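Just data.cif here, mmCIF, C-alpha atoms:
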```cif
data_work
#
loop_
_atom_site.label_atom_id
_atom_site.label_comp_id
_atom_site.auth_asym_id
_atom_site.auth_seq_id
_atom_site.Cartn_x
_atom_site.Cartn_y
_atom_site.Cartn_z
CA SER A 150 0.00 0.00 0.00
CA ASP A 151 3.01 2.32 0.36
CA PRO A 152 3.67 4.19 -2.95
CA LYS A 153 7.38 4.62 -2.18
CA ALA A 154 7.70 0.89 -1.55
CA ARG A 155 5.96 0.11 -4.83
CA ILE A 156 8.30 2.45 -6.69
CA ALA A 157 11.33 0.81 -5.08
CA VAL A 158 10.09 -2.65 -6.03
CA GLY A 159 9.32 -1.49 -9.56
CA LEU A 160 12.77 0.01 -10.04
CA GLN A 161 14.42 -3.16 -8.75
CA LEU A 162 12.32 -5.21 -11.15
CA MET A 163 13.27 -2.89 -14.02
CA GLU A 164 16.98 -3.30 -13.28
CA VAL A 165 16.69 -7.09 -13.15
CA ALA A 166 14.31 -7.48 -16.09
CA THR A 167 16.25 -5.25 -18.50
CA ALA A 168 19.74 -6.42 -17.51
CA GLY A 169 21.92 -6.89 -20.59
CA LEU A 170 19.28 -5.62 -23.02
CA SER A 171 20.52 -3.01 -25.49
CA THR A 172 18.59 -1.30 -28.24
CA SER A 173 20.06 -3.71 -30.79
CA SER A 174 19.46 -6.90 -28.77
CA ILE A 175 15.84 -6.30 -27.79
CA GLY A 176 14.54 -7.45 -31.18
CA ARG A 177 16.03 -10.91 -30.60
CA LEU A 178 13.51 -11.56 -27.83
CA VAL A 179 11.05 -12.44 -30.59
CA GLU A 180 12.96 -15.74 -30.90
CA LEU A 181 12.43 -16.81 -27.28
CA PRO A 182 10.93 -20.31 -26.96
CA ARG A 183 7.22 -20.73 -26.44
CA MET A 184 6.09 -20.49 -22.82
CA ASP A 185 4.87 -23.96 -21.84
CA ASP A 186 4.47 -23.69 -18.05
CA GLU A 187 0.74 -23.42 -17.34
CA ASP A 188 1.13 -21.34 -14.19
CA SER A 189 3.39 -18.88 -16.02
CA VAL A 190 0.84 -18.54 -18.82
CA LEU A 191 -1.87 -17.75 -16.27
CA ILE A 192 0.34 -15.14 -14.61
CA ALA A 193 1.09 -13.54 -18.00
CA ARG A 194 -2.62 -13.43 -18.74
CA ALA A 195 -3.42 -11.87 -15.37
CA LEU A 196 -0.78 -9.17 -15.84
CA ASN A 197 -2.26 -8.38 -19.25
CA TYR A 198 -5.74 -8.08 -17.78
CA ILE A 199 -4.79 -5.63 -15.03
CA SER A 200 -2.57 -3.44 -17.21
CA PRO A 201 -5.37 -1.16 -18.54
CA SER A 202 -6.45 -0.38 -14.99
CA ALA A 203 -2.85 0.38 -14.01
CA PHE A 204 -2.60 2.76 -16.98
CA ILE A 205 -5.89 4.54 -16.34
CA MET A 206 -4.85 5.07 -12.72
CA ASN A 207 -2.17 7.41 -14.16
CA ASP A 208 0.39 5.54 -12.11
CA VAL A 209 3.42 4.78 -14.29
CA SER A 210 5.80 5.14 -11.36
CA GLN A 211 3.86 2.65 -9.20
CA TRP A 212 1.53 -0.12 -10.42
CA PHE A 213 2.23 0.30 -14.12
CA LEU A 214 5.97 0.06 -13.46
CA TRP A 215 5.48 -3.13 -11.48
CA VAL A 216 3.15 -4.72 -14.04
CA ALA A 217 5.44 -3.94 -16.99
CA PHE A 218 8.67 -5.29 -15.58
CA SER A 219 7.10 -8.28 -13.84
CA SER A 220 5.85 -9.21 -17.31
CA LEU A 221 9.26 -8.76 -18.94
CA LYS A 222 11.05 -10.82 -16.29
CA LEU A 223 8.48 -13.58 -16.72
CA PHE A 224 8.97 -13.68 -20.51
CA ARG A 225 12.75 -13.74 -20.27
CA ASP A 226 12.60 -16.56 -17.69
CA GLN A 227 9.80 -18.66 -19.20
CA GLY A 228 9.58 -17.73 -22.90
CA ASN A 229 7.00 -15.97 -25.04
CA ALA A 230 3.25 -16.41 -24.84
CA VAL A 231 0.54 -14.65 -26.80
CA GLU A 232 0.36 -12.17 -23.92
CA SER A 233 4.01 -11.27 -24.47
CA CYS A 234 2.98 -8.99 -27.33
CA HIS A 235 1.10 -6.57 -25.14
CA GLY A 236 3.54 -7.14 -22.30
CA TYR A 237 6.38 -5.81 -24.43
CA SER A 238 4.23 -2.79 -25.30
CA LEU A 239 3.82 -2.08 -21.58
CA VAL A 240 7.57 -2.22 -21.13
CA ALA A 241 7.99 0.14 -24.09
CA MET A 242 5.57 2.69 -22.68
CA THR A 243 7.13 2.56 -19.23
CA LEU A 244 10.71 2.91 -20.46
CA SER A 245 9.81 5.87 -22.65
CA ALA A 246 7.89 7.50 -19.79
CA MET A 247 11.13 7.30 -17.79
CA GLY A 248 13.18 8.84 -20.62
CA ASP A 249 14.68 5.66 -22.09
CA ASN A 250 13.20 6.28 -25.52
CA ASP A 251 15.65 4.25 -27.59
CA ARG A 252 14.92 1.00 -25.78
CA GLY A 253 11.27 1.92 -25.48
CA TYR A 254 10.96 2.28 -29.24
CA ALA A 255 12.79 -1.03 -29.75
CA PHE A 256 10.30 -2.78 -27.45
CA HIS A 257 7.37 -1.31 -29.40
CA LYS A 258 8.77 -2.72 -32.64
CA LEU A 259 9.34 -6.07 -30.92
CA ALA A 260 5.72 -6.14 -29.71
CA VAL A 261 4.27 -5.46 -33.17
CA GLU A 262 6.64 -7.96 -34.80
CA LEU A 263 5.64 -10.75 -32.41
CA ALA A 264 1.92 -9.99 -32.79
CA THR A 265 2.33 -10.04 -36.57
CA ARG A 266 4.13 -13.39 -36.47
CA LEU A 267 1.45 -14.89 -34.26
CA GLY A 268 -1.33 -13.41 -36.40
CA ASP A 269 -3.36 -12.62 -33.28
CA VAL A 270 -5.71 -9.76 -34.13
CA SER A 271 -6.38 -8.97 -30.46
CA GLN A 272 -2.65 -8.49 -29.83
CA LEU A 273 -2.27 -6.52 -33.06
CA SER A 274 -4.99 -4.21 -31.76
CA ARG A 275 -3.11 -3.62 -28.54
CA THR A 276 0.43 -3.38 -29.87
CA THR A 277 -0.28 -1.10 -32.83
CA THR A 278 -2.33 1.20 -30.60
CA CYS A 279 0.59 1.52 -28.18
CA MET A 280 3.07 1.89 -31.04
CA GLY A 281 1.10 4.79 -32.46
CA PHE A 282 1.44 6.73 -29.23
CA HIS A 283 5.22 6.34 -29.15
CA GLN A 284 5.85 7.16 -32.80
CA ALA A 285 5.42 10.87 -32.12
CA TRP A 286 8.91 10.74 -30.63
CA ARG A 287 10.42 9.46 -33.85
CA GLU A 288 8.39 9.78 -37.01
CA PRO A 289 6.31 12.30 -38.96
CA LEU A 290 2.86 12.85 -37.54
CA SER A 291 1.42 11.52 -40.80
CA ALA A 292 3.04 8.17 -39.95
CA VAL A 293 1.55 8.34 -36.46
CA ALA A 294 -1.91 8.85 -37.95
CA GLU A 295 -1.35 5.97 -40.37
CA THR A 296 -0.39 3.59 -37.55
CA ALA A 297 -3.35 4.78 -35.49
CA HIS A 298 -5.72 4.09 -38.40
CA ARG A 299 -4.25 0.59 -38.70
CA ALA A 300 -4.71 0.09 -34.95
CA TRP A 301 -8.32 1.26 -35.31
CA ARG A 302 -8.99 -1.39 -37.98
CA HIS A 303 -7.34 -4.13 -35.90
CA SER A 304 -9.40 -3.09 -32.88
CA LEU A 305 -12.65 -3.27 -34.85
CA ASP A 306 -11.69 -6.72 -36.16
CA ALA A 307 -11.01 -7.87 -32.61
CA GLY A 308 -14.10 -6.23 -31.12
CA ASP A 309 -11.71 -4.46 -28.75
CA TRP A 310 -13.53 -1.26 -27.88
CA PHE A 311 -11.06 -0.26 -25.17
CA HIS A 312 -8.14 -0.03 -27.62
CA ALA A 313 -10.38 1.20 -30.44
CA GLN A 314 -11.09 4.37 -28.50
CA PHE A 315 -7.39 4.91 -27.80
CA ALA A 316 -6.57 4.33 -31.47
CA ALA A 317 -9.25 6.85 -32.44
CA ALA A 318 -7.84 9.30 -29.91
CA ASN A 319 -4.40 8.91 -31.41
CA VAL A 320 -5.71 9.61 -34.91
CA LEU A 321 -7.22 12.85 -33.67
CA ARG A 322 -4.18 13.88 -31.65
CA ALA A 323 -1.89 13.27 -34.62
CA ASN A 324 -4.24 15.34 -36.79
CA VAL A 325 -4.38 18.22 -34.31
CA HIS A 326 -0.64 18.27 -33.62
CA GLY A 327 0.05 17.87 -37.32
CA GLY A 328 -2.12 20.84 -38.25
CA ALA A 329 -4.75 18.96 -40.24
CA PRO A 330 -7.36 21.10 -42.03
CA LEU A 331 -10.41 21.91 -39.92
CA THR A 332 -12.76 20.05 -42.27
CA GLU A 333 -10.75 16.84 -41.89
CA LEU A 334 -10.56 17.23 -38.13
CA GLU A 335 -14.28 17.90 -37.86
CA THR A 336 -15.23 14.89 -39.98
CA THR A 337 -12.89 12.52 -38.14
CA ALA A 338 -13.96 13.67 -34.67
CA SER A 339 -17.66 13.49 -35.59
CA ASN A 340 -17.34 9.99 -37.02
CA PHE A 341 -15.49 8.64 -33.99
CA LEU A 342 -17.90 10.32 -31.60
CA ASP A 343 -20.93 8.88 -33.40
CA PHE A 344 -19.46 5.39 -33.71
CA LEU A 345 -17.98 4.99 -30.24
CA SER A 346 -20.38 6.93 -28.04
CA SER A 347 -22.55 3.87 -27.36
CA ARG A 348 -19.61 1.46 -27.01
CA ALA A 349 -16.70 3.23 -25.31
CA ASN A 350 -17.26 6.65 -23.77
CA GLU A 351 -13.89 7.28 -22.12
CA MET A 352 -12.53 9.28 -25.06
CA ALA A 353 -15.73 11.18 -25.87
CA PRO A 354 -14.40 14.36 -24.18
CA LEU A 355 -11.43 14.36 -26.54
CA TYR A 356 -13.63 14.09 -29.64
CA ASP A 357 -15.80 16.85 -28.22
CA ALA A 358 -12.73 19.02 -27.56
CA CYS A 359 -11.68 18.64 -31.20
CA LEU A 360 -15.12 19.71 -32.39
CA ARG A 361 -15.13 22.68 -30.02
CA PHE A 362 -11.71 23.65 -31.38
CA VAL A 363 -13.09 23.62 -34.92
CA ILE A 364 -16.09 25.72 -33.88
CA ALA A 365 -13.87 28.22 -32.07
CA MET A 366 -11.49 28.58 -35.02
CA ARG A 367 -14.36 29.18 -37.41
CA GLY A 368 -16.02 31.73 -35.16
CA GLU A 369 -19.27 29.74 -35.24
CA GLY A 370 -19.70 29.39 -31.49
CA PRO A 371 -18.01 30.07 -28.17
CA THR A 372 -14.60 31.64 -28.66
CA PRO A 373 -11.57 30.38 -26.75
CA GLY A 374 -11.81 33.45 -24.54
CA ASP A 375 -15.17 32.25 -23.26
CA LEU A 376 -13.51 29.20 -21.72
CA SER A 377 -12.30 31.27 -18.77
CA ARG A 378 -15.79 32.54 -17.88
CA ALA A 379 -16.97 30.56 -14.86
CA ASP A 380 -20.54 31.83 -15.24
CA ASP A 381 -20.95 30.61 -18.82
CA LEU A 382 -18.85 27.50 -19.47
CA PRO A 383 -19.14 26.10 -22.99
CA PRO A 384 -19.71 22.34 -23.31
CA TRP A 385 -16.10 21.30 -23.81
CA ALA A 386 -14.94 23.02 -20.61
CA GLU A 387 -17.75 21.30 -18.70
CA THR A 388 -16.73 18.00 -20.23
CA ILE A 389 -13.07 18.47 -19.34
CA ASP A 390 -14.04 19.13 -15.71
CA GLY A 391 -15.86 15.80 -15.68
CA ILE A 392 -13.06 13.65 -17.06
CA GLU A 393 -11.94 10.86 -14.75
CA THR A 394 -8.95 9.60 -16.74
CA GLU A 395 -6.03 11.98 -16.38
CA ALA A 396 -4.63 11.06 -19.81
CA VAL A 397 -7.82 12.19 -21.55
CA ARG A 398 -7.96 15.34 -19.46
CA VAL A 399 -4.43 16.29 -20.49
CA TRP A 400 -5.05 15.55 -24.18
CA SER A 401 -8.24 17.60 -24.17
CA GLN A 402 -6.73 20.52 -22.28
CA THR A 403 -3.75 20.61 -24.64
CA ILE A 404 -6.22 21.20 -27.48
CA GLN A 405 -7.73 23.96 -25.36
CA VAL A 406 -4.29 25.61 -25.06
CA LEU A 407 -3.88 25.38 -28.84
CA ALA A 408 -7.25 27.09 -29.27
CA TYR A 409 -6.09 29.97 -27.08
CA VAL A 410 -2.80 30.30 -28.98
CA MET A 411 -4.48 30.25 -32.40
CA ALA A 412 -6.91 32.94 -31.25
CA GLY A 413 -4.13 35.15 -29.90
CA ARG A 414 -5.28 34.58 -26.31
CA ASP A 415 -1.73 34.11 -25.09
CA ARG A 416 -2.34 34.98 -21.45
CA GLU A 417 -5.07 32.35 -21.19
CA ALA A 418 -2.87 29.87 -23.08
CA LEU A 419 -0.02 30.43 -20.64
CA GLU A 420 -2.24 30.00 -17.58
CA SER A 421 -3.82 26.85 -19.01
CA ALA A 422 -0.45 25.32 -19.94
CA ARG A 423 0.90 25.96 -16.45
CA ALA A 424 -2.14 24.24 -14.97
CA ILE A 425 -1.67 21.07 -17.03
CA TRP A 426 1.88 20.16 -16.03
CA PRO A 427 1.13 18.91 -12.48
CA ARG A 428 -1.14 16.26 -14.06
CA TYR A 429 1.33 15.32 -16.77
CA VAL A 430 2.66 11.95 -15.54
CA VAL A 431 1.63 9.04 -17.76
CA ASN A 432 1.49 11.30 -20.80
CA ARG A 433 5.13 12.35 -20.80
CA GLN A 434 5.91 9.59 -23.28
CA PHE A 435 3.24 10.79 -25.71
CA GLY A 436 3.30 13.43 -28.43
CA ASP A 437 1.30 15.81 -26.27
CA GLY A 438 4.46 16.51 -24.28
CA GLY A 439 6.27 18.05 -27.22
CA GLU A 440 3.15 19.92 -28.31
CA LEU A 441 2.56 21.35 -24.87
CA HIS A 442 6.20 22.47 -24.51
CA PHE A 443 5.81 24.24 -27.87
CA LEU A 444 2.54 25.97 -27.00
CA HIS A 445 3.71 26.88 -23.50
CA ALA A 446 6.97 28.35 -24.84
CA LEU A 447 5.21 30.33 -27.57
CA ALA A 448 2.59 31.76 -25.22
CA ALA A 449 5.28 32.68 -22.69
CA ALA A 450 7.41 34.43 -25.34
CA ARG A 451 4.42 36.38 -26.64
CA THR A 452 3.42 37.56 -23.14
CA GLY A 453 6.90 38.65 -22.05
CA ALA A 454 7.66 35.67 -19.78
CA LEU A 455 10.95 35.20 -21.60
CA GLU A 456 12.81 33.07 -19.07
CA GLU A 457 9.84 30.73 -18.85
CA ALA A 458 9.78 30.55 -22.65
CA ARG A 459 13.48 29.66 -22.75
CA VAL A 460 12.97 26.89 -20.20
CA GLN A 461 10.13 25.40 -22.23
CA LEU A 462 12.15 25.71 -25.45
CA GLU A 463 14.95 23.78 -23.76
CA GLU A 464 12.44 21.12 -22.71
CA LEU A 465 11.30 20.93 -26.34
CA ALA A 466 14.87 20.35 -27.57
CA PRO A 467 14.89 16.52 -27.19
CA TRP A 468 11.68 16.31 -29.22
CA THR A 469 13.17 18.55 -31.91
CA THR A 470 16.35 16.49 -32.05
CA GLN A 471 14.61 13.12 -32.21
CA ASN A 472 11.80 14.16 -34.52
CA PRO A 473 12.62 17.35 -36.48
CA SER A 474 9.82 16.70 -38.98
CA ALA A 475 7.22 17.14 -36.23
CA TYR A 476 8.85 19.69 -33.96
CA GLY A 477 11.56 21.55 -35.92
CA PRO A 478 9.31 24.33 -37.30
CA LYS A 479 7.62 24.66 -33.91
CA ALA A 480 10.93 25.29 -32.17
CA ALA A 481 11.87 27.75 -34.94
CA LEU A 482 8.63 29.65 -34.36
CA VAL A 483 9.36 29.95 -30.62
CA ARG A 484 12.91 31.21 -31.29
CA ALA A 485 11.51 33.83 -33.65
CA ALA A 486 8.97 34.94 -31.04
CA LEU A 487 11.76 35.26 -28.48
CA ALA A 488 13.80 37.35 -30.92
CA GLU A 489 10.82 39.64 -31.49
CA ALA A 490 10.27 40.02 -27.74
CA GLU A 491 13.94 41.00 -27.39
CA GLY A 492 13.62 43.66 -30.11
CA GLN A 493 15.62 41.77 -32.74
CA ASN A 494 13.08 42.34 -35.48
CA ASP A 495 15.25 41.34 -38.44
CA VAL A 496 16.20 38.09 -36.74
CA ALA A 497 12.56 37.50 -35.83
CA ILE A 498 11.30 38.02 -39.39
CA ASP A 499 13.91 35.63 -40.76
CA GLY A 500 12.93 33.15 -38.07
CA TYR A 501 9.23 33.42 -38.80
CA LEU A 502 9.83 32.93 -42.51
CA GLY A 503 12.04 29.92 -41.78
CA ALA A 504 9.34 28.42 -39.56
CA TRP A 505 6.74 29.15 -42.24
CA ASN A 506 8.78 27.42 -44.95
CA GLY A 507 9.48 24.41 -42.75
CA ALA A 508 5.86 24.08 -41.67
CA ARG A 509 4.64 24.43 -45.25
CA GLU A 510 6.96 21.66 -46.45
CA LEU A 511 5.88 19.35 -43.63
CA GLY A 512 2.15 20.10 -43.73
CA LEU A 513 2.00 21.68 -40.25
CA LEU A 514 -0.85 24.01 -41.17
CA HIS A 515 -1.33 25.59 -37.74
CA VAL A 516 2.39 26.43 -37.44
CA GLU A 517 2.39 27.79 -40.98
CA THR A 518 -0.56 30.04 -40.11
CA LEU A 519 0.98 31.31 -36.87
CA ALA A 520 4.34 32.04 -38.54
CA ALA A 521 2.82 33.83 -41.53
CA TYR A 522 0.63 36.00 -39.32
CA ALA A 523 3.48 36.90 -36.97
CA ALA A 524 5.82 37.79 -39.85
CA GLY A 525 3.14 39.93 -41.48
CA GLU A 526 2.39 41.79 -38.26
CA LEU A 527 6.05 42.51 -37.67
CA GLN A 528 6.66 43.78 -41.20
CA GLU A 529 3.75 46.23 -41.19
#
```

Please lay out the structure from this file as structure tokens.
Amino acid sequence: SDPKARIAVGLQLMEVATAGLSTSSIGRLVELPRMDDEDSVLIARALNYISPSAFIMNDVSQWFLWVAFSSLKLFRDQGNAVESCHGYSLVAMTLSAMGDNDRGYAFHKLAVELATRLGDVSQLSRTTTCMGFHQAWREPLSAVAETAHRAWRHSLDAGDWFHAQFAAANVLRANVHGGAPLTELETTASNFLDFLSSRANEMAPLYDACLRFVIAMRGEGPTPGDLSRADDLPPWAETIDGIETEAVRVWSQTIQVLAYVMAGRDREALESARAIWPRYVVNRQFGDGGELHFLHALAAARTGALEEARVQLEELAPWTTQNPSAYGPKAALVRAALAEAEGQNDVAIDGYLGAWNGARELGLLHVETLAAYAAGELQE
């Protein structure tokens, strides 16, 4: 019952379970012999069953840590079972949450490879869903969306509504972070909301947040500024307040911060971003982390909180290094905003134009829009 004790046990398990495993050797675990001990198979199955609850508890450092590395130790000692596929995904998510992204990514690829070899659609549903979340560290957001669509199809084939809703959420998050056109975002969010509302409601607030974002950007309903009015909360703010799963709350509120930034409501964006970080535990391994660092840094630079902006830009640096196609133009936009705030207008204009060109080449429509507007304002 003691959280510190659980963390200590989890860290000990991690050290034992990952001993001798490098990024290059992890893939060879796919060749482990088949698990034939009946008790071990039952334990593997039980660990798989409790893993969603451990995740939803937003408890990577405690139960999720224990579940993941108990599973890995079991597989290395007893061999692979069908449940190893998802077990390796749990290890991947936990390692990446703790900053070990290279080995985390290798475990994701191992999980998908084993599920593919076994041809188990239920495990393909789980492993591709988890893989899609981690890809934001490494690959273009278009690839993230593609994997998430594949995970969605596997989940439907398996009748796995729990992972179907996460796959759908990942499609939307990749679209939002990748600057998809509003029409595409609206259609996708509406379809998922209609299809899943009667089957899996956990992600409904996220779909609703996407639709509210579209409405706000088009000026067809409550503006982002209205979100701060306690006497007249629009539906998406009410929904966010009712979210039980911290992951969904963070995803939805990150979209809210984006809405503020796109509407030029930088003070509200800054306050909202600051409020999210204390909840940001499980989600640190997901693409929302890079997006939130970007939005937080930009809002801080545009409101004169320059030291805070520099801190957030530094936090964004690992994302930019590992995945320049997703985060390079975003970092460039923040640097340009900092230059403008410091009175270096020529540097800022060059920076905005560089961010605009990069975003245009990579299809980051929201970054392209922000950069073009900022450059135009500065040149007038």

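Across the structure, atom CA of A:Pro354 and atom CA of A:Leu513 are spaced 24.1 Å apart.
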
Gap from atom CA of A:Leu342 to atom CA of A:Phe311 - Å, one decimal: 14.1 Å

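The coordinates place atom CA of A:Leu162 at 17.0 Å from atom CA of A:Ser189.
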
List the neighbours of stretch 221-227 of chain A out to 12 Å using all atoms listed in the file; skip same-chain residues closer than 5 positions along the sequence, and give me the result as a compact mmCIF listing (two decimals) with C-alpha atoms, in the coordinates of the input.
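Output file result-v3.txt is given in full below:
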```
# COMPACT_ATOMS: atom_id res chain seq x y z
CA GLY A 159 9.32 -1.49 -9.56
CA GLN A 161 14.42 -3.16 -8.75
CA LEU A 162 12.32 -5.21 -11.15
CA MET A 163 13.27 -2.89 -14.02
CA GLU A 164 16.98 -3.30 -13.28
CA VAL A 165 16.69 -7.09 -13.15
CA ALA A 166 14.31 -7.48 -16.09
CA THR A 167 16.25 -5.25 -18.50
CA ALA A 168 19.74 -6.42 -17.51
CA GLY A 169 21.92 -6.89 -20.59
CA LEU A 170 19.28 -5.62 -23.02
CA ILE A 175 15.84 -6.30 -27.79
CA ARG A 177 16.03 -10.91 -30.60
CA LEU A 178 13.51 -11.56 -27.83
CA VAL A 179 11.05 -12.44 -30.59
CA GLU A 180 12.96 -15.74 -30.90
CA LEU A 181 12.43 -16.81 -27.28
CA PRO A 182 10.93 -20.31 -26.96
CA ARG A 183 7.22 -20.73 -26.44
CA MET A 184 6.09 -20.49 -22.82
CA ASP A 185 4.87 -23.96 -21.84
CA ASP A 186 4.47 -23.69 -18.05
CA GLU A 187 0.74 -23.42 -17.34
CA ASP A 188 1.13 -21.34 -14.19
CA SER A 189 3.39 -18.88 -16.02
CA VAL A 190 0.84 -18.54 -18.82
CA LEU A 191 -1.87 -17.75 -16.27
CA ILE A 192 0.34 -15.14 -14.61
CA ALA A 193 1.09 -13.54 -18.00
CA ARG A 194 -2.62 -13.43 -18.74
CA LEU A 196 -0.78 -9.17 -15.84
CA ASN A 197 -2.26 -8.38 -19.25
CA LEU A 214 5.97 0.06 -13.46
CA TRP A 215 5.48 -3.13 -11.48
CA VAL A 216 3.15 -4.72 -14.04
CA GLU A 232 0.36 -12.17 -23.92
CA SER A 233 4.01 -11.27 -24.47
CA CYS A 234 2.98 -8.99 -27.33
CA HIS A 235 1.10 -6.57 -25.14
CA GLY A 236 3.54 -7.14 -22.30
CA TYR A 237 6.38 -5.81 -24.43
CA SER A 238 4.23 -2.79 -25.30
CA LEU A 239 3.82 -2.08 -21.58
CA VAL A 240 7.57 -2.22 -21.13
CA ALA A 241 7.99 0.14 -24.09
CA THR A 243 7.13 2.56 -19.23
CA LEU A 244 10.71 2.91 -20.46
CA PHE A 256 10.30 -2.78 -27.45
CA ALA A 260 5.72 -6.14 -29.71
```

Output of the PyMOL selection byres ((chain A and resi 264) around 12), listed as a ChimeraX atom specification: /A:179,229-238,257-263,265-277,303

Shell around A:Glu295 at 12 Å using only C-alpha atoms, local window under 3 positions removed, as a ChimeraX atom specification: /A:277-278,280-282,284-285,288-292,298-302,316-317,319-321,323-324

Selection near stretch 358-368 of chain A, 8 Å with all atoms listed in the file, sequence-local residues under 4 positions removed, as a ChimeraX atom specification: /A:321,325,331,334-335,338-339,354,372-373,385,401,404-405,408,411-412

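When all atoms listed in the file are used to measure the gap to A:Thr172, the shortest distance among A:Trp212, A:Tyr476, A:Tyr254, A:Tyr501 belongs to A:Tyr254.
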
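Nearest-residue note for A:Arg423: choosing from A:Asp249, A:Glu457, A:Asp343, A:Asp309, the minimum distance belongs to A:Glu457, counting all atoms listed in the file.
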
If you apply the PyMOL selection byres ((chain A and resi 474) around 10) to this file, what residues do you get, as a PDB file with C-alpha atoms, in the frame of the given file?
```pdb
ATOM      1  CA  ARG A 287      10.420   9.460 -33.850  1.00  0.00           C
ATOM      2  CA  GLU A 288       8.390   9.780 -37.010  1.00  0.00           C
ATOM      3  CA  PRO A 289       6.310  12.300 -38.960  1.00  0.00           C
ATOM      4  CA  LEU A 290       2.860  12.850 -37.540  1.00  0.00           C
ATOM      5  CA  GLY A 327       0.050  17.870 -37.320  1.00  0.00           C
ATOM      6  CA  TRP A 468      11.680  16.310 -29.220  1.00  0.00           C
ATOM      7  CA  THR A 469      13.170  18.550 -31.910  1.00  0.00           C
ATOM      8  CA  THR A 470      16.350  16.490 -32.050  1.00  0.00           C
ATOM      9  CA  GLN A 471      14.610  13.120 -32.210  1.00  0.00           C
ATOM     10  CA  ASN A 472      11.800  14.160 -34.520  1.00  0.00           C
ATOM     11  CA  PRO A 473      12.620  17.350 -36.480  1.00  0.00           C
ATOM     12  CA  ALA A 475       7.220  17.140 -36.230  1.00  0.00           C
ATOM     13  CA  TYR A 476       8.850  19.690 -33.960  1.00  0.00           C
ATOM     14  CA  GLY A 477      11.560  21.550 -35.920  1.00  0.00           C
ATOM     15  CA  PRO A 478       9.310  24.330 -37.300  1.00  0.00           C
ATOM     16  CA  LYS A 479       7.620  24.660 -33.910  1.00  0.00           C
ATOM     17  CA  GLY A 507       9.480  24.410 -42.750  1.00  0.00           C
ATOM     18  CA  ALA A 508       5.860  24.080 -41.670  1.00  0.00           C
ATOM     19  CA  GLU A 510       6.960  21.660 -46.450  1.00  0.00           C
ATOM     20  CA  LEU A 511       5.880  19.350 -43.630  1.00  0.00           C
ATOM     21  CA  GLY A 512       2.150  20.100 -43.730  1.00  0.00           C
ATOM     22  CA  LEU A 513       2.000  21.680 -40.250  1.00  0.00           C
TER      23      LEU A 513
END
```

Which of A:Glu440, A:Glu526, A:Glu456, A:Asp499 sits closest to A:Ala485 [using only C-alpha atoms]: A:Asp499

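When the distance limit is 10 Å and only C-alpha atoms are what count, the residues near A:Ile425, minus those fewer than 3 positions from it on the same chain, are A:Arg398, A:Val399, A:Trp400, A:Gln402, A:Thr403, A:Val406, A:Glu420, A:Ser421, A:Ala422, A:Arg428, A:Tyr429, A:Leu441.
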